[in-house]
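Below is one structure, written out as structure tokens; comments come after it.
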Amino acid sequence: QVQLVESGGGLVSAGGSLRLSCAASGLRFRDYAMGWFRQPPGKEREFVAGISWSGGNEYYSDSANDRFTISRDNAKNEVHLQMNSLKTAATAAYYCAAHLQQGYFISVQAKDLREYAYWGRGTQVTVSS
């Protein structure tokens, strides 16, 4: 049974930082590209960041670029999202997801939530002004 469990969410002031983690089990982790998505209140789920199985390719949304960093530890079956200089617009439930990578992991795949087979239950991030 595949499980993705997010942690690290919470309440932070604008300009602050948070580090989200996602622990994966029940799958061969290094076969999977990983992504982070978020869903603000009343809005659709949107792409935040993605990383290939090797960590060699990273993709970011325009809002995350230069402030967020995705990383992974294949030895620990974990993926992380370091979020700096947080803005109130970042308030959302954050989800990690796994994509079975076959060949090169390209940007259009990373950003399409339909490409991801497995999802965690999410962790809430609230940024106060």
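How things are named: the first chain in the structure tokens is A, the next is B, and so on; residues count from 1 in each chain; ligands count from 1 in the order shown.
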When you look at Leu81 (chain A) with a cut-off of 8 Å (counting only C-alpha atoms), what residues show up, excluding the ones that are within fewer than 5 positions of it in the same chain? I need them as a ChimeraX atom specification. /A:19-21,36,68-71
Who sits within 8 Å of region 29-34 of chain A, only C-alpha atoms, same chain under 5 positions skipped, as a list in words: Ala24, Gly50, Ile51, Ser52, Trp53, Ser54, Asn74, Asn77, Val79, Cys96, Ala97, Ala98, His99, Leu100, Gln101 and Phe105 of chain A
Any chance you could export the current selection's N, CA and C atoms as a PDB file, in the first residue's frame?
```
ATOM      1  N   ALA A  24       7.554   8.763   2.021  1.00  0.00           N
ATOM      2  CA  ALA A  24       6.901   7.807   1.128  1.00  0.00           C
ATOM      3  C   ALA A  24       7.177   6.382   1.564  1.00  0.00           C
ATOM      4  N   GLY A  50       8.349  20.416  -8.711  1.00  0.00           N
ATOM      5  CA  GLY A  50       8.516  19.009  -9.054  1.00  0.00           C
ATOM      6  C   GLY A  50       9.985  18.674  -9.184  1.00  0.00           C
ATOM      7  N   ILE A  51      10.316  17.394  -8.970  1.00  0.00           N
ATOM      8  CA  ILE A  51      11.699  16.955  -9.021  1.00  0.00           C
ATOM      9  C   ILE A  51      11.761  15.554  -9.613  1.00  0.00           C
ATOM     10  N   SER A  52      12.726  15.333 -10.484  1.00  0.00           N
ATOM     11  CA  SER A  52      12.887  14.029 -11.104  1.00  0.00           C
ATOM     12  C   SER A  52      13.418  13.008 -10.105  1.00  0.00           C
ATOM     13  N   TRP A  53      13.436  11.749 -10.499  1.00  0.00           N
ATOM     14  CA  TRP A  53      13.817  10.708  -9.549  1.00  0.00           C
ATOM     15  C   TRP A  53      15.246  10.877  -9.044  1.00  0.00           C
ATOM     16  N   SER A  54      16.104  11.389  -9.890  1.00  0.00           N
ATOM     17  CA  SER A  54      17.510  11.555  -9.514  1.00  0.00           C
ATOM     18  C   SER A  54      17.767  12.877  -8.800  1.00  0.00           C
ATOM     19  N   ASN A  74      16.727  10.017  -1.547  1.00  0.00           N
ATOM     20  CA  ASN A  74      16.287   8.686  -1.967  1.00  0.00           C
ATOM     21  C   ASN A  74      16.646   7.609  -0.950  1.00  0.00           C
ATOM     22  N   ASN A  77      13.688   7.973   1.424  1.00  0.00           N
ATOM     23  CA  ASN A  77      12.349   8.012   0.801  1.00  0.00           C
ATOM     24  C   ASN A  77      11.579   9.269   1.199  1.00  0.00           C
ATOM     25  N   VAL A  79      10.867  13.583   0.335  1.00  0.00           N
ATOM     26  CA  VAL A  79      10.973  14.774  -0.498  1.00  0.00           C
ATOM     27  C   VAL A  79      10.611  15.966   0.383  1.00  0.00           C
ATOM     28  N   CYS A  96       1.947  16.407  -1.377  1.00  0.00           N
ATOM     29  CA  CYS A  96       2.987  15.811  -2.205  1.00  0.00           C
ATOM     30  C   CYS A  96       2.354  14.701  -3.043  1.00  0.00           C
ATOM     31  N   ALA A  97       2.982  14.412  -4.161  1.00  0.00           N
ATOM     32  CA  ALA A  97       2.444  13.444  -5.107  1.00  0.00           C
ATOM     33  C   ALA A  97       3.578  12.734  -5.814  1.00  0.00           C
ATOM     34  N   ALA A  98       3.299  11.516  -6.267  1.00  0.00           N
ATOM     35  CA  ALA A  98       4.312  10.686  -6.916  1.00  0.00           C
ATOM     36  C   ALA A  98       3.903  10.365  -8.346  1.00  0.00           C
ATOM     37  N   HIS A  99       4.876  10.511  -9.240  1.00  0.00           N
ATOM     38  CA  HIS A  99       4.675  10.249 -10.673  1.00  0.00           C
ATOM     39  C   HIS A  99       5.662   9.174 -11.104  1.00  0.00           C
ATOM     40  N   LEU A 100       5.136   8.064 -11.643  1.00  0.00           N
ATOM     41  CA  LEU A 100       6.024   7.004 -12.121  1.00  0.00           C
ATOM     42  C   LEU A 100       6.794   7.519 -13.328  1.00  0.00           C
ATOM     43  N   GLN A 101       8.068   7.711 -13.145  1.00  0.00           N
ATOM     44  CA  GLN A 101       8.869   8.324 -14.198  1.00  0.00           C
ATOM     45  C   GLN A 101       9.350   7.283 -15.189  1.00  0.00           C
ATOM     46  N   PHE A 105      11.827  13.295 -17.277  1.00  0.00           N
ATOM     47  CA  PHE A 105      10.741  13.982 -16.583  1.00  0.00           C
ATOM     48  C   PHE A 105      10.727  15.432 -17.051  1.00  0.00           C
TER      49      PHE A 105
END
```
Please identify the strand (DSSP E) residues within region 76-114 of chain A (assignment by DSSP from backbone atoms) and present them as a list in words. Glu78, Val79, His80, Leu81, Gln82, Met83, Ala92, Ala93, Tyr94, Tyr95, Cys96, Ala97, Ala98, His99 and Leu100 of chain A
Min atom-atom distance to Ser63 (chain A) from the set A:Val5, A:Val48, A:Met83, A:Ala110, counting only C-alpha atoms, belongs to A:Val48
Residue nearest Ala92 (chain A) among A:Asp112, A:Glu46, A:Glu78, A:Glu6 (counting only C-alpha atoms): A:Glu46
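You can rank A:Ser61, A:Ser85, A:Gln124, A:Ser17 by their closest distance to Val108 (chain A) using only C-alpha atoms, and at the top of that list sits A:Ser61.
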In Å, with one decimal, what is the gap from CA of Pro40 (chain A) to CA of Thr88 (chain A)? 10.6 Å
Counting only C-alpha atoms, closest pick from A:Lys111, A:Lys76, A:Arg121, A:Lys87 relative to Ala23 (chain A) is A:Lys76
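Excluding Ser13 (chain A) and any residue on its chain fewer than 5 positions from it, the residues at most 8 Å away by only C-alpha atoms are A:Leu86, A:Val127, A:Ser128, A:Ser129.
Atom pair CA of Tyr94 (chain A) / CA of Gly56 (chain A) has a distance of 22.8 Å (rounded to one decimal).
Atom pair CA of Ala90 (chain A) / CA of Ile106 (chain A): separated by 24.7 Å.
Residue-level DSSP output for region 51-111 of chain A, from the backbone, shows helix (DSSP H, G or I) at Thr88, Ala89, Ala90, Ser107, Val108, Gln109 and Ala110 of chain A.
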